[in-house]
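Structure file target-v6.cif (mmCIF, C-alpha atoms) follows.
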```
data_structure
loop_
_atom_site.group_PDB
_atom_site.id
_atom_site.type_symbol
_atom_site.label_atom_id
_atom_site.label_comp_id
_atom_site.auth_asym_id
_atom_site.auth_seq_id
_atom_site.Cartn_x
_atom_site.Cartn_y
_atom_site.Cartn_z
ATOM 1 C CA MET R 249 49.702 -36.917 23.692
ATOM 2 C CA ILE R 250 48.873 -37.964 27.241
ATOM 3 C CA LYS R 251 51.452 -40.364 28.625
ATOM 4 C CA ASN R 252 50.088 -42.994 30.969
ATOM 5 C CA THR R 253 52.905 -45.219 32.158
ATOM 6 C CA ASP R 254 51.359 -46.407 35.416
ATOM 7 C CA SER R 255 47.622 -46.023 34.799
ATOM 8 C CA ALA R 256 44.951 -46.667 32.204
ATOM 9 C CA PRO R 257 44.378 -43.981 29.571
ATOM 10 C CA PRO R 258 41.664 -41.417 30.367
ATOM 11 C CA ARG R 259 38.157 -42.121 29.107
ATOM 12 C CA ILE R 260 36.017 -39.474 27.421
ATOM 13 C CA LEU R 261 32.279 -39.747 26.827
ATOM 14 C CA LEU R 262 31.519 -37.828 23.632
ATOM 15 C CA VAL R 263 27.849 -37.129 22.910
ATOM 16 C CA GLU R 264 27.229 -35.918 19.345
ATOM 17 C CA ASP R 265 24.393 -36.813 16.957
ATOM 18 C CA ASP R 266 25.838 -35.338 13.755
ATOM 19 C CA ALA R 267 27.975 -37.864 11.876
ATOM 20 C CA THR R 268 30.333 -35.281 10.367
ATOM 21 C CA SER R 269 30.952 -33.535 13.672
ATOM 22 C CA LEU R 270 31.418 -36.891 15.388
ATOM 23 C CA ALA R 271 34.076 -37.905 12.863
ATOM 24 C CA PHE R 272 35.877 -34.592 13.369
ATOM 25 C CA PHE R 273 35.893 -34.939 17.162
ATOM 26 C CA LYS R 274 37.188 -38.514 17.055
ATOM 27 C CA ALA R 275 39.973 -37.677 14.603
ATOM 28 C CA ALA R 276 40.983 -34.540 16.506
ATOM 29 C CA LEU R 277 41.092 -36.341 19.866
ATOM 30 C CA LYS R 278 43.007 -39.394 18.611
ATOM 31 C CA PRO R 279 46.498 -37.918 19.307
ATOM 32 C CA LEU R 280 45.597 -37.546 23.001
ATOM 33 C CA ASN R 281 45.752 -41.321 23.489
ATOM 34 C CA ALA R 282 42.418 -41.257 25.307
ATOM 35 C CA VAL R 283 39.618 -43.810 25.050
ATOM 36 C CA VAL R 284 36.674 -42.024 23.427
ATOM 37 C CA GLU R 285 33.237 -43.590 23.872
ATOM 38 C CA THR R 286 30.428 -42.089 21.814
ATOM 39 C CA ALA R 287 26.683 -41.661 22.062
ATOM 40 C CA ASP R 288 24.253 -40.005 19.660
ATOM 41 C CA CYS R 289 21.436 -39.337 22.125
ATOM 42 C CA SER R 290 20.729 -38.728 25.799
ATOM 43 C CA GLY R 291 19.444 -42.246 26.389
ATOM 44 C CA THR R 292 22.650 -43.918 25.248
ATOM 45 C CA ALA R 293 24.744 -41.344 27.057
ATOM 46 C CA LEU R 294 22.924 -41.990 30.344
ATOM 47 C CA SER R 295 23.622 -45.692 30.079
ATOM 48 C CA LEU R 296 27.317 -45.201 29.298
ATOM 49 C CA ALA R 297 27.856 -42.520 31.937
ATOM 50 C CA GLN R 298 26.461 -44.597 34.787
ATOM 51 C CA ASP R 299 29.480 -46.886 34.855
ATOM 52 C CA ARG R 300 31.410 -43.968 36.449
ATOM 53 C CA ARG R 301 34.573 -44.714 34.485
ATOM 54 C CA HIS R 302 34.917 -41.481 32.538
ATOM 55 C CA SER R 303 37.455 -38.756 33.170
ATOM 56 C CA LEU R 304 35.509 -36.211 31.112
ATOM 57 C CA TRP R 305 32.112 -35.737 29.496
ATOM 58 C CA LEU R 306 31.859 -33.817 26.228
ATOM 59 C CA PHE R 307 28.166 -33.141 25.528
ATOM 60 C CA ASP R 308 26.416 -31.564 22.558
ATOM 61 C CA SER R 309 24.036 -28.851 23.719
ATOM 62 C CA ARG R 310 21.185 -30.066 21.510
ATOM 63 C CA LEU R 311 20.308 -33.732 21.052
ATOM 64 C CA PRO R 312 17.512 -35.623 19.258
ATOM 65 C CA ASP R 313 15.911 -36.652 22.552
ATOM 66 C CA GLY R 314 16.769 -33.701 24.771
ATOM 67 C CA THR R 315 19.475 -31.194 25.596
ATOM 68 C CA GLY R 316 22.960 -31.239 27.021
ATOM 69 C CA ILE R 317 21.676 -29.354 30.063
ATOM 70 C CA GLY R 318 18.957 -31.931 30.647
ATOM 71 C CA LEU R 319 21.442 -34.775 30.321
ATOM 72 C CA LEU R 320 23.890 -33.190 32.748
ATOM 73 C CA THR R 321 21.112 -32.410 35.226
ATOM 74 C CA ARG R 322 19.964 -36.050 35.283
ATOM 75 C CA LEU R 323 23.508 -37.330 35.779
ATOM 76 C CA ARG R 324 24.206 -34.859 38.572
ATOM 77 C CA ALA R 325 20.970 -35.964 40.274
ATOM 78 C CA GLN R 326 22.404 -39.478 40.314
ATOM 79 C CA GLY R 327 25.432 -38.250 42.201
ATOM 80 C CA LEU R 328 27.866 -38.314 39.269
ATOM 81 C CA ARG R 329 30.424 -35.496 39.424
ATOM 82 C CA THR R 330 32.496 -36.088 36.288
ATOM 83 C CA ARG R 331 33.851 -32.895 34.732
ATOM 84 C CA ALA R 332 31.684 -31.779 31.817
ATOM 85 C CA ILE R 333 32.292 -29.594 28.766
ATOM 86 C CA ALA R 334 29.540 -28.548 26.353
ATOM 87 C CA HIS R 335 29.927 -28.020 22.623
ATOM 88 C CA THR R 336 27.499 -26.074 20.490
ATOM 89 C CA ALA R 337 27.150 -24.494 17.065
ATOM 90 C CA SER R 338 25.265 -21.578 18.599
ATOM 91 C CA THR R 339 27.034 -18.250 18.909
ATOM 92 C CA SER R 340 24.406 -16.967 21.332
ATOM 93 C CA THR R 341 26.072 -15.657 24.470
ATOM 94 C CA ALA R 342 22.806 -16.198 26.333
ATOM 95 C CA GLU R 343 22.810 -19.902 25.483
ATOM 96 C CA GLN R 344 26.478 -20.227 26.424
ATOM 97 C CA ALA R 345 25.742 -18.550 29.749
ATOM 98 C CA GLN R 346 22.907 -21.020 30.380
ATOM 99 C CA LEU R 347 25.245 -23.946 29.741
ATOM 100 C CA LEU R 348 27.805 -22.578 32.189
ATOM 101 C CA ALA R 349 25.113 -21.878 34.782
ATOM 102 C CA ALA R 350 23.887 -25.459 34.426
ATOM 103 C CA GLY R 351 27.270 -26.794 35.490
ATOM 104 C CA PHE R 352 29.385 -27.156 32.360
ATOM 105 C CA GLU R 353 32.904 -25.995 33.066
ATOM 106 C CA GLN R 354 33.411 -24.716 29.550
ATOM 107 C CA VAL R 355 31.547 -24.186 26.288
ATOM 108 C CA LEU R 356 33.250 -24.948 22.967
ATOM 109 C CA VAL R 357 31.740 -23.192 19.956
ATOM 110 C CA LYS R 358 31.745 -25.147 16.695
ATOM 111 C CA PRO R 359 33.379 -25.008 14.270
ATOM 112 C CA LEU R 360 36.743 -24.960 16.030
ATOM 113 C CA SER R 361 40.156 -26.186 14.995
ATOM 114 C CA ALA R 362 41.473 -29.603 15.949
ATOM 115 C CA ALA R 363 44.395 -27.953 17.763
ATOM 116 C CA GLU R 364 42.066 -25.749 19.819
ATOM 117 C CA LEU R 365 39.899 -28.739 20.716
ATOM 118 C CA ARG R 366 42.899 -30.807 21.812
ATOM 119 C CA THR R 367 44.277 -27.947 23.898
ATOM 120 C CA GLN R 368 41.013 -27.495 25.795
ATOM 121 C CA ILE R 369 40.440 -31.215 26.330
ATOM 122 C CA LEU R 370 44.051 -31.797 27.386
ATOM 123 C CA THR R 371 43.751 -29.043 29.973
ATOM 124 C CA ALA R 372 40.543 -30.566 31.331
ATOM 125 C CA LEU R 373 42.032 -34.060 31.480
ATOM 126 C CA ARG R 374 45.087 -32.832 33.345
ATOM 127 C CA ALA R 375 42.787 -31.227 35.888
ATOM 128 C CA CYS R 376 40.990 -34.525 36.437
ATOM 129 C CA ASP R 377 44.084 -36.211 37.818
ATOM 130 C CA PRO R 378 46.740 -33.605 38.674
ATOM 131 C CA GLN R 379 50.204 -34.771 39.597
ATOM 132 C CA PRO R 380 51.510 -34.143 43.141
ATOM 133 C CA GLY R 381 52.183 -30.448 43.567
ATOM 134 C CA GLU R 382 50.119 -29.403 40.548
ATOM 135 C CA GLN R 383 47.364 -26.813 40.862
ATOM 136 C CA PRO R 384 43.775 -27.392 39.721
ATOM 137 C CA VAL R 385 43.166 -26.268 36.154
ATOM 138 C CA HIS R 386 41.304 -23.095 37.116
ATOM 139 C CA GLU R 387 44.275 -22.028 39.218
ATOM 140 C CA ARG R 388 46.927 -22.371 36.556
ATOM 141 C CA VAL R 389 47.632 -20.948 33.122
ATOM 142 C CA ASN R 390 47.359 -23.258 30.136
ATOM 143 C CA ASP R 391 50.897 -24.644 30.098
ATOM 144 C CA ALA R 392 50.225 -26.489 26.840
ATOM 145 C CA LEU R 393 50.872 -23.164 25.093
ATOM 146 C CA PRO R 394 54.199 -21.285 25.055
ATOM 147 C CA VAL R 395 54.370 -17.774 26.486
ATOM 148 C CA TRP R 396 55.844 -16.521 23.206
ATOM 149 C CA ASP R 397 55.569 -17.779 19.628
ATOM 150 C CA ASP R 398 58.246 -16.214 17.416
ATOM 151 C CA ARG R 399 56.975 -17.795 14.215
ATOM 152 C CA ALA R 400 53.446 -16.490 14.698
ATOM 153 C CA ALA R 401 54.762 -12.991 15.403
ATOM 154 C CA ASP R 402 57.021 -13.058 12.341
ATOM 155 C CA ARG R 403 54.100 -14.148 10.162
ATOM 156 C CA ALA R 404 51.890 -11.393 11.564
ATOM 157 C CA LEU R 405 54.536 -8.784 10.705
ATOM 158 C CA ASN R 406 55.556 -10.178 7.321
ATOM 159 C CA GLY R 407 58.807 -11.660 8.535
ATOM 160 C CA ASN R 408 60.164 -8.371 9.912
ATOM 161 C CA HIS R 409 61.699 -9.682 13.130
ATOM 162 C CA GLU R 410 63.193 -6.307 14.089
ATOM 163 C CA HIS R 411 59.659 -4.943 14.111
ATOM 164 C CA VAL R 412 58.605 -7.858 16.326
ATOM 165 C CA VAL R 413 61.352 -7.010 18.809
ATOM 166 C CA THR R 414 60.321 -3.353 18.887
ATOM 167 C CA LEU R 415 56.636 -4.102 19.339
ATOM 168 C CA ARG R 416 57.320 -6.645 22.077
ATOM 169 C CA ARG R 417 59.326 -4.088 23.992
ATOM 170 C CA MET R 418 56.445 -1.625 23.794
ATOM 171 C CA PHE R 419 53.894 -4.349 24.524
ATOM 172 C CA LEU R 420 55.650 -5.389 27.731
ATOM 173 C CA GLY R 421 56.104 -1.782 28.725
ATOM 174 C CA ASP R 422 52.355 -1.196 28.700
ATOM 175 C CA LEU R 423 51.041 -4.623 29.720
ATOM 176 C CA GLU R 424 51.033 -3.981 33.469
ATOM 177 C CA ARG R 425 48.853 -0.888 33.044
ATOM 178 C CA VAL R 426 46.455 -2.720 30.708
ATOM 179 C CA ARG R 427 46.250 -5.723 33.066
ATOM 180 C CA ASP R 428 45.422 -3.501 36.043
ATOM 181 C CA LEU R 429 42.797 -1.545 34.112
ATOM 182 C CA ILE R 430 41.032 -4.711 32.963
ATOM 183 C CA VAL R 431 41.126 -6.436 36.356
ATOM 184 C CA SER R 432 40.095 -3.393 38.411
ATOM 185 C CA GLY R 433 37.368 -2.323 35.997
ATOM 186 C CA TRP R 434 35.919 -5.722 35.110
ATOM 187 C CA ASN R 435 32.931 -5.360 37.431
ATOM 188 C CA THR R 436 32.753 -1.568 37.761
ATOM 189 C CA GLN R 437 33.748 -0.199 34.340
ATOM 190 C CA ALA R 438 32.872 -3.113 32.120
ATOM 191 C CA GLU R 439 32.694 -1.224 28.818
ATOM 192 C CA ASP R 440 36.191 0.244 29.215
ATOM 193 C CA ALA R 441 37.607 -3.074 30.399
ATOM 194 C CA HIS R 442 36.104 -4.987 27.476
ATOM 195 C CA GLY R 443 37.474 -2.385 25.072
ATOM 196 C CA GLU R 444 40.964 -2.823 26.489
ATOM 197 C CA LEU R 445 40.591 -6.588 26.279
ATOM 198 C CA HIS R 446 39.586 -6.379 22.630
ATOM 199 C CA ARG R 447 42.656 -4.299 21.774
ATOM 200 C CA LEU R 448 44.915 -6.526 23.857
ATOM 201 C CA ARG R 449 43.793 -9.623 21.959
ATOM 202 C CA ALA R 450 44.847 -8.042 18.663
ATOM 203 C CA ALA R 451 48.157 -6.898 20.143
ATOM 204 C CA CYS R 452 48.902 -10.402 21.456
ATOM 205 C CA GLY R 453 48.612 -11.668 17.898
ATOM 206 C CA PHE R 454 51.049 -9.076 16.589
ATOM 207 C CA VAL R 455 53.756 -9.915 19.142
ATOM 208 C CA GLY R 456 53.123 -13.663 19.459
ATOM 209 C CA ALA R 457 52.017 -13.610 23.124
ATOM 210 C CA THR R 458 50.339 -16.987 22.703
ATOM 211 C CA ARG R 459 49.490 -17.938 26.276
ATOM 212 C CA LEU R 460 48.086 -14.517 27.113
ATOM 213 C CA ALA R 461 46.047 -14.477 23.897
ATOM 214 C CA ASP R 462 44.471 -17.794 24.912
ATOM 215 C CA ALA R 463 43.536 -16.408 28.330
ATOM 216 C CA VAL R 464 42.134 -13.232 26.756
ATOM 217 C CA GLU R 465 39.948 -15.283 24.428
ATOM 218 C CA ALA R 466 38.700 -17.390 27.328
ATOM 219 C CA LEU R 467 37.780 -14.248 29.267
ATOM 220 C CA GLN R 468 35.902 -12.873 26.261
ATOM 221 C CA HIS R 469 33.959 -16.106 25.781
ATOM 222 C CA MET R 470 33.254 -16.715 29.491
ATOM 223 C CA PRO R 471 33.245 -13.244 31.092
ATOM 224 C CA ASP R 472 31.033 -14.212 34.042
ATOM 225 C CA LEU R 473 33.216 -17.102 35.163
ATOM 226 C CA PRO R 474 35.536 -15.947 37.996
ATOM 227 C CA GLN R 475 38.182 -18.451 36.913
ATOM 228 C CA SER R 476 38.431 -16.708 33.533
ATOM 229 C CA LEU R 477 39.539 -13.434 35.121
ATOM 230 C CA GLU R 478 41.931 -15.281 37.432
ATOM 231 C CA ARG R 479 43.406 -17.135 34.475
ATOM 232 C CA PHE R 480 43.850 -13.878 32.564
ATOM 233 C CA THR R 481 45.649 -12.266 35.501
ATOM 234 C CA ARG R 482 48.024 -15.191 35.845
ATOM 235 C CA ALA R 483 48.738 -15.272 32.109
ATOM 236 C CA ALA R 484 49.514 -11.538 32.136
ATOM 237 C CA ASN R 485 51.815 -11.989 35.127
ATOM 238 C CA GLU R 486 53.510 -14.943 33.439
ATOM 239 C CA THR R 487 54.090 -12.876 30.336
ATOM 240 C CA LEU R 488 55.461 -9.938 32.324
ATOM 241 C CA ALA R 489 57.773 -12.228 34.290
ATOM 242 C CA SER R 490 59.159 -13.890 31.169
ATOM 243 C CA GLN R 491 61.774 -12.501 28.853
ATOM 244 C CA ALA R 492 60.580 -12.452 25.292
ATOM 245 C CA PRO R 493 62.948 -14.669 23.261
ATOM 246 C CA SER R 494 64.182 -12.011 20.860
ATOM 247 C CA GLY R 495 67.696 -11.253 22.064
ATOM 248 C CA PRO R 496 69.237 -9.337 24.979
ATOM 249 C CA GLU R 497 67.634 -6.074 23.948
ATOM 250 C CA GLN R 498 64.164 -7.556 24.541
ATOM 251 C CA SER R 499 64.577 -7.300 28.280
ATOM 252 C CA GLY R 500 64.172 -3.538 27.967
ATOM 253 C CA ARG R 501 60.838 -1.858 28.610
ATOM 254 C CA GLY R 502 58.989 0.793 26.667
ATOM 255 C CA HIS R 503 57.601 3.988 28.150
ATOM 256 C CA GLY R 504 54.107 4.344 26.782
ATOM 257 C CA ASN R 505 55.000 4.061 23.085
ATOM 258 C CA TYR R 506 52.938 0.910 22.812
ATOM 259 C CA GLU R 507 49.851 2.735 24.011
ATOM 260 C CA ARG R 508 50.295 5.191 21.158
ATOM 261 C CA SER R 509 51.031 2.511 18.565
ATOM 262 C CA ARG R 510 48.047 0.348 19.488
ATOM 263 C CA SER R 511 45.577 3.227 19.420
ATOM 264 C CA GLY R 512 44.968 2.401 15.786
ATOM 265 C CA ILE R 513 43.818 -1.142 16.531
ATOM 266 C CA ALA R 514 40.059 -1.367 16.052
#
```

Rewritten as structure tokens:
Amino acid sequence: MIKNTDSAPPRILLVEDDATSLAFFKAALKPLNAVVETADCSGTALSLAQDRRHSLWLFDSRLPDGTGIGLLTRLRAQGLRTRAIAHTASTSTAEQAQLLAAGFEQVLVKPLSAAELRTQILTALRACDPQPGEQPVHERVNDALPVWDDRAADRALNGNHEHVVTLRRMFLGDLERVRDLIVSGWNTQAEDAHGELHRLRAACGFVGATRLADAVEALQHMPDLPQSLERFTRAANETLASQAPSGPEQSGRGHGNYERSRSGIA
């Protein structure tokens, strides 16, 4: 929940023409304590957006009387600079790239979980009005997620916590190498870098590296956005700097064993 002790709650303009999806969005966003105004077409959205009171726009990519890109373009032409996120049922990377190129800061692919939606919207809302000393959202890791999630790791490894501890040690021992390979090869050796990223995402799930997994997923979904690579680097550094909460032995580091163990991950 967003706490607003000295100011009005944030306002979100949600544009969605499907009744079922609209109901999902409203229910999922309710815990954020934000005021959610809705529109089912571009015409209504234009009228609501012109009052300049919104903290965030959440636009469907396809509408009965136009597109999310067309709607955003018209609002930008009027001088409105509200942060905008697109949501779409399309899995086309080309369409997602078009939405980002048009000025949407992020593209959410439906269906998505309520928790994932809240995490992304909360991050965007925090960026709209950062507290003194806070960094803009694209310069900080998603602090709504913990660095480590013991329960998730235990579930992934059938409750064998000793195995979790061992894998985390190996994971941390190899993470610096993997981070450097991905960052240095992102623009020059893209195929190798994407392969490493794919394996890293699976490994994050095994060891419960929640914050890094979120950054990896963002980089996979928005590979051409410079902020995605920056966010990944910071999440990797945050993970390396932290001590996995699995006892004193976890502070140790592996020596390449993780590279051998993860070679079987497809």

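Taken over the shown file, the PyMOL selection byres ((chain R and resi 395) around 9) identifies R:Asp391, R:Leu393, R:Pro394, R:Trp396, R:Asp397, R:Gly456, R:Ala457, R:Thr458, R:Arg459, R:Leu460, R:Ala483, R:Glu486, R:Thr487, R:Ser490, R:Ala492.
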
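Note that CA of Ala287 (chain R) and CA of Glu264 (chain R) are 6.4 Å apart.
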
| message | My list of candidates is R:Thr336, R:Ser290, R:Ser295, R:Gln326. Which is closest to Gly314 (chain R) when distances are computed with only C-alpha atoms? | response | R:Ser290

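Using all atoms listed in the file, the smallest distance between any of R:Ala350, R:Ala463, R:Leu473, R:Leu306 and Arg331 (chain R) comes from R:Leu306.
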
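When all atoms listed in the file are used to compute distances to Leu370 (chain R), the closest of the residues R:Ala282, R:Ala401, R:Ala461, R:Leu319 turns out to be R:Ala282.
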
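Residues in contact with region 352-356 of chain R at up to 6 Å, not including ones fewer than 3 positions away on its chain and judged by only C-alpha atoms, are Ala332, Ile333, Ala334, His335, Leu347 and Leu348 of chain R.
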
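In terms of minimum interatomic distance to Thr315 (chain R), R:Gly291 ranks closest within R:Gly291, R:Gly327, R:Pro257, R:Pro279, counting only C-alpha atoms.
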
| query | In Å, with one decimal, what is the gap from CA of Gly316 (chain R) to CA of Asp462 (chain R)? | reply | 25.5 Å

| task | Pick out the closest residue to Gly351 (chain R) from this set: R:Glu364, R:Ala275, R:Ile317, R:Arg374. Count all atoms listed in the file. | result | R:Ile317
